[in-house]
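Asker: First, the structure itself, so that you have it in front of you.
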Amino acid sequence: MSIDKSDIEYLCNLSKLNLDDEEQSVFLSQMQSILDMIEELEEVDTGDIEPMAHPLKMTQRLRVDEVTEFNDREKYQKNTDFAEDGFYKVPKVID
Amino acid sequence: MKRHTVKELQGMIADHSASSQEIYKLYNNRIRAMNDSINAFISIESDEYSSGNKQADSEISGVPYAVKDIFCSEGDQTTCGSKMLSNFVSPYDATVVKNLREKGTVILGKTNMDEFAMGSSNETSFFGNVNNPWDLERTPGGSSGGSAAAVAAGMAPIALGTDTGGSIRQPAALTGITGLKPTYGRCSRFGMIAFASSLDQAGILSISAEDSAIFLEHMAGYDQKDSTSSKETVPKYTDFLNNDLSGKVVGLPNEFFDGNLDSRFQELVTDSIGEYEKMGVKFKDISLPNIKYSVPTYYVVAPAECSSNLARYDGVRFGHRSTDGKDLDAFYKQTRKDGFGQEVKRRIITGTYVLSAGYYDAYYLKAQKVRQLINQDFLDAFKEVDFIMGPTTQQSAFKLGEKVDDPVSMYMNDIYTISSNLSGVPAISHPIGFVDRLPFGLQIIAPHFKEHELLNIAHKYQMATDWHLQTPEICKEID
């Protein structure tokens with residue numbers, strides 16, 4: 001699979017990530033070599049092999065539906081200078 | 001300077017030859033004296049000793065340790081080696097840190113690392129690369145490069161690390177210390193900043209396997225805050241250290257001995273096998289036919305999980321925040337452009353690509369199927385052997401800057417270590433000698449939850465040899 005500059009732009013948009021022109025061209029050649037390496041997987045016969053998403057065979061445990069965590073909003077909001085009255089501030093979304 | 005093991009520190013505290021305050025001060029002084037040249041620590045705890053938990057009365061009370069800056073520790077700056085989190089102060093403890101704090105251990109500081117643990121040379125850190133104590137112009141490996149260098153240089157007796165594709169074992173090998181990656185799920189991942197959630201595992205970098213055994217017992221165990229942590233009983237690892245090894249069978253995979261290893265490294269591996277044979281260990285050749293696909297499989301699975309995990313860094317609630325964005329979309333994009341380094345961006349984009357519409361089946365699903373085959377190779381091999389052995393790395397510590405512009409060549413550093421993360425099995429690296437005064441390591445892999453056997457076999461080797469006790473020249477200049 002070969003990729004071009006428009007693929008990188010498309011992926012940047014999906015990842016919510018800006019790259020400048022120089023980064024884009026460096027990434028393009030580096031990603032191409034990464035994809036060439038990954039394409040080695042095509043030679044493996046994986047017919048009806050079950051995909052492995054997780055190393056241990058375990059089922060998702062559910063806990064009892066009881067309140068164990070309480071609202072520590074003020075403590076957590078100390079990590080930003082952009083909180084006000086319990087809200088986080090962001091650029092204007094609606095005109 | 002004498003590098004003390006945890007075992008020795010326990011003895012000093014018990015017989016009152018040193019107080020925990022004096023021990024803390026000793027390491028704090030060493031860190032301050034050496035950090036300018038090694039850059040192993042991103043942040044250093046206060047000069048003043050404050051015993052975290054005075055009530056704690058455990059076998060490790062008063063033992064200080066270093067923490068990779070990927071673990072949250074309450075009230076401390078926790079950066080994950082990134083500009084994105086350079087101003088982040090953790091509001092809580094990671095479970096492994098909390099477990100150790102409750103046992104009375106004391107944090108010395110937070111260690112340098114590749115940004116978000118993505119790298120094999122510690123050169124992707126926003127806080128500058130770490131220098132290998134054995135040769136300051138070389139890498140200590142990565143991503144737990146700061147933890148490895150700190151232990152190797154005697155700036156900490158023991159350190160926490162994480163291993164997603166070799167990030168404990170490779171730096172341990174390159175700095176001449178012992179590195180243990182436990183089974184996936186053995187230690188809680190809660191509060192350990194996520195990179196690739198199906199591969200990440202907390203572990204230990206230490207001078208000896210015995211020290212790892214002492215610490216692992218107190219770190220490991222089920223945590224209801226991590227639904228992937230295991231309920232498997234945590235054994236008292238130190239009880240197994242001296243078990244007899246005669247009759248144990250070790251598999252040597254053809255794929256780890258493919259003739260690509262420099263003959264001088266091969267000789268060290270052969271010598272260490274000879275040492276194990278003297279203890280009655282039997283060796284047999286085996287094959288792990290799909291292991292050659294480990295690197296490409298990993299570089300689909302890990303970036304895919306990374307692109308998803310790192311979506312949370314949007315600048316809104318914590319971390320770096322760009323002020324340039326006119327609208328929300330531009331704000332996110334600029335925040336992430338400024339906050340992430342090159343390697344992290346490359347992996348986010350690669351991960352987004354392999355998960356994107358039209359490519360998911362061809363890349364991600366395919367890689368998950370190959371992962372199953374690699375896992376099956378291990379399960380089949382462990383029907384015949386107790387352990388699998390081989391070199392931890394293909395070479396000793398390389399020069400800083402040597403591979404930084406060639407990601408594929410950098411990724412190949414992890415060729416021997418990645419497969420254990422894909423399968424989830426535990427593995428250890430211990431030093432087995434030197435080539436040109438640079439240390440080299442042997443990797444031993446065991447079946448799931450057999451850490452006690454790994455620690456046993458490595459400990460027996462370390463009782464018969466002293467490679468793990470060699471210290472770099474730089475230590476001799478410090479008290």
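To be explicit about the labels: the chains of the structure tokens are called A, B, and onward in the order shown, and within each one the residues are counted from 1, while ligands get numbers from 1 in the order they are shown.
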Can you pull out the residues contacting region 12-23 of chain A? Cut-off 9 Å, using only C-alpha atoms, and skip same-chain residues under 5 positions away; I want them as a ChimeraX atom specification.
Answerer: /A:7,28 /B:307,311,314,329-330,332-338,342,345,348-349,352,356
Asker: Could you list, as a PyMOL selection string, the residues of chain B having an atom within 7 Å of chain A when counting only C-alpha atoms?
Answerer: chain B and resi 88-89+91+184+198+227+293+296+316-318+326-328+332-334+336-337+346+349+352-353+365+368-372+408+422-424
Asker: Can I get the selection written as a short mmCIF file (atom, residue, chain, number, x, y, z; two decimals), in the first residue's frame, with N, CA and C atoms?
Answerer:
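Contents of result.cif, freshly written:
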```cif
data_model
loop_
_atom_site.label_atom_id
_atom_site.label_comp_id
_atom_site.auth_asym_id
_atom_site.auth_seq_id
_atom_site.Cartn_x
_atom_site.Cartn_y
_atom_site.Cartn_z
N PHE B 88 1.40 18.68 34.64
CA PHE B 88 0.37 17.86 35.29
C PHE B 88 0.83 17.39 36.67
N VAL B 89 0.00 17.65 37.66
CA VAL B 89 0.28 17.17 39.02
C VAL B 89 -0.77 16.11 39.33
N PRO B 91 -3.42 13.88 40.91
CA PRO B 91 -4.27 13.99 42.10
C PRO B 91 -4.40 12.67 42.87
N TYR B 184 1.09 -10.21 31.90
CA TYR B 184 0.04 -9.20 31.71
C TYR B 184 -1.06 -9.43 32.77
N SER B 198 -3.51 -3.44 25.88
CA SER B 198 -3.48 -4.91 25.91
C SER B 198 -2.04 -5.43 26.01
N SER B 227 -9.92 -3.71 35.55
CA SER B 227 -10.69 -4.93 35.27
C SER B 227 -9.86 -5.98 34.56
N TYR B 293 7.08 -12.59 12.94
CA TYR B 293 6.08 -11.56 12.62
C TYR B 293 5.78 -10.66 13.81
N PRO B 296 6.23 -6.58 13.04
CA PRO B 296 5.10 -5.99 12.29
C PRO B 296 3.76 -6.09 13.02
N VAL B 316 -8.24 20.33 27.28
CA VAL B 316 -9.37 20.96 27.96
C VAL B 316 -9.26 20.86 29.49
N ARG B 317 -9.04 19.65 29.98
CA ARG B 317 -9.14 19.47 31.44
C ARG B 317 -7.80 19.46 32.16
N PHE B 318 -6.76 19.08 31.46
CA PHE B 318 -5.42 19.06 32.09
C PHE B 318 -4.40 19.01 30.96
N LYS B 326 -8.84 29.13 17.01
CA LYS B 326 -10.00 30.03 16.90
C LYS B 326 -11.28 29.31 17.27
N ASP B 327 -11.38 28.06 16.78
CA ASP B 327 -12.56 27.27 17.13
C ASP B 327 -12.10 25.98 17.79
N LEU B 328 -13.04 25.17 18.21
CA LEU B 328 -12.70 23.99 19.01
C LEU B 328 -11.80 23.02 18.24
N TYR B 332 -8.03 21.90 19.38
CA TYR B 332 -7.54 20.53 19.60
C TYR B 332 -6.28 20.28 18.78
N LYS B 333 -6.36 20.63 17.50
CA LYS B 333 -5.27 20.29 16.58
C LYS B 333 -3.98 21.00 16.95
N GLN B 334 -4.11 22.26 17.36
CA GLN B 334 -2.91 23.01 17.71
C GLN B 334 -2.34 22.53 19.04
N ARG B 336 -2.47 19.53 20.26
CA ARG B 336 -1.82 18.24 20.06
C ARG B 336 -0.55 18.38 19.21
N LYS B 337 -0.56 19.33 18.29
CA LYS B 337 0.66 19.59 17.50
C LYS B 337 1.80 20.06 18.42
N ARG B 346 3.80 10.25 15.10
CA ARG B 346 3.91 9.23 14.06
C ARG B 346 3.08 7.99 14.44
N ILE B 349 -0.70 8.69 14.15
CA ILE B 349 -1.13 8.69 12.74
C ILE B 349 -1.12 7.27 12.17
N THR B 352 -4.10 5.52 13.65
CA THR B 352 -5.34 6.00 13.03
C THR B 352 -5.51 5.36 11.65
N TYR B 353 -4.40 5.24 10.94
CA TYR B 353 -4.45 4.64 9.60
C TYR B 353 -4.91 3.18 9.66
N LEU B 365 -7.21 -6.25 12.11
CA LEU B 365 -7.75 -7.60 12.32
C LEU B 365 -6.72 -8.67 11.96
N GLN B 368 -4.21 -8.94 14.72
CA GLN B 368 -4.75 -9.64 15.89
C GLN B 368 -4.76 -11.16 15.67
N LYS B 369 -4.96 -11.56 14.42
CA LYS B 369 -4.94 -13.00 14.11
C LYS B 369 -3.51 -13.54 14.19
N VAL B 370 -2.56 -12.78 13.67
CA VAL B 370 -1.16 -13.22 13.75
C VAL B 370 -0.72 -13.25 15.22
N ARG B 371 -1.25 -12.30 15.99
CA ARG B 371 -0.94 -12.29 17.43
C ARG B 371 -1.39 -13.61 18.07
N GLN B 372 -2.54 -14.09 17.66
CA GLN B 372 -3.03 -15.38 18.19
C GLN B 372 -2.06 -16.51 17.84
N VAL B 408 12.15 2.42 11.63
CA VAL B 408 12.08 0.97 11.46
C VAL B 408 13.31 0.31 12.09
N LEU B 422 3.08 -9.59 23.32
CA LEU B 422 1.93 -10.00 22.49
C LEU B 422 1.23 -11.17 23.14
N SER B 423 2.01 -12.09 23.73
CA SER B 423 1.42 -13.28 24.34
C SER B 423 1.02 -13.03 25.80
N GLY B 424 1.64 -12.04 26.44
CA GLY B 424 1.33 -11.74 27.84
C GLY B 424 2.17 -12.50 28.84
#
```
Asker: If you run DSSP on the backbone, which residues of region 255-356 of chain B are alpha helix (DSSP H), as a ChimeraX atom specification?
Answerer: /B:263-278,294-309,328-339,342-355
Asker: Can you check which residues of chain A DSSP gives as strand (DSSP E) on the backbone and send them as a list in words?
Answerer: Ala83, Glu84, Phe87 and Tyr88 of chain A
Asker: Neighbouring residues of Glu210 (chain B) were defined as those with any atom within 8 Å, considering only C-alpha atoms; residues of the same chain fewer than 4 positions away were excluded. Please report them as an NGL selection string.
Answerer: :B and (7 or 214 or 238 or 241 or 455 or 459)
Asker: For the selection just defined, write its residues with N, CA and C atoms to a file, as a PDB file, in the first residue's frame.
Answerer:
```pdb
ATOM      1  N   LYS B   7      18.066  -5.945  49.426  1.00  0.00           N
ATOM      2  CA  LYS B   7      18.343  -6.943  50.464  1.00  0.00           C
ATOM      3  C   LYS B   7      19.320  -6.378  51.509  1.00  0.00           C
ATOM      4  N   ILE B 214      11.551  -9.483  46.079  1.00  0.00           N
ATOM      5  CA  ILE B 214      11.106  -8.803  47.307  1.00  0.00           C
ATOM      6  C   ILE B 214      10.023  -7.770  46.968  1.00  0.00           C
ATOM      7  N   THR B 238      10.072 -14.732  47.279  1.00  0.00           N
ATOM      8  CA  THR B 238      11.381 -15.038  47.860  1.00  0.00           C
ATOM      9  C   THR B 238      11.471 -16.491  48.353  1.00  0.00           C
ATOM     10  N   LEU B 241      13.242 -18.671  45.597  1.00  0.00           N
ATOM     11  CA  LEU B 241      14.509 -18.244  44.971  1.00  0.00           C
ATOM     12  C   LEU B 241      15.571 -19.324  44.917  1.00  0.00           C
ATOM     13  N   LEU B 455      12.249 -15.810  38.613  1.00  0.00           N
ATOM     14  CA  LEU B 455      13.095 -15.192  39.632  1.00  0.00           C
ATOM     15  C   LEU B 455      14.021 -16.238  40.244  1.00  0.00           C
ATOM     16  N   HIS B 459      17.981 -15.889  39.914  1.00  0.00           N
ATOM     17  CA  HIS B 459      18.679 -15.768  41.203  1.00  0.00           C
ATOM     18  C   HIS B 459      19.797 -16.806  41.325  1.00  0.00           C
TER      19      HIS B 459
END
```
Asker: Rounded to one decimal, what separation in Å do you get between CA of Gly351 (chain B) and CA of Gly119 (chain B)?
Answerer: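 For CA of Gly351 (chain B) relative to CA of Gly119 (chain B), the distance reads 15.5 Å.
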Asker: So how far away is CA of Ala172 (chain B) from CA of Ser429 (chain B), in Å?
Answerer: 6.7 Å
Asker: Would you list the contacts of Ala196 (chain B) as JSON, numbers by chain, taking every protein, DNA or RNA residue within 8 Å and counting only C-alpha atoms, but skipping same-chain residues closer than 5 positions in sequence?
Answerer: {"B": [164, 301, 302, 303, 304, 305, 306, 309]}
Asker: So how many Å separate CA of Lys383 (chain B) and CA of Ile286 (chain B), to one decimal?
Answerer: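 Taking CA of Lys383 (chain B) as the start and CA of Ile286 (chain B) as the end point, the length is 11.5 Å.
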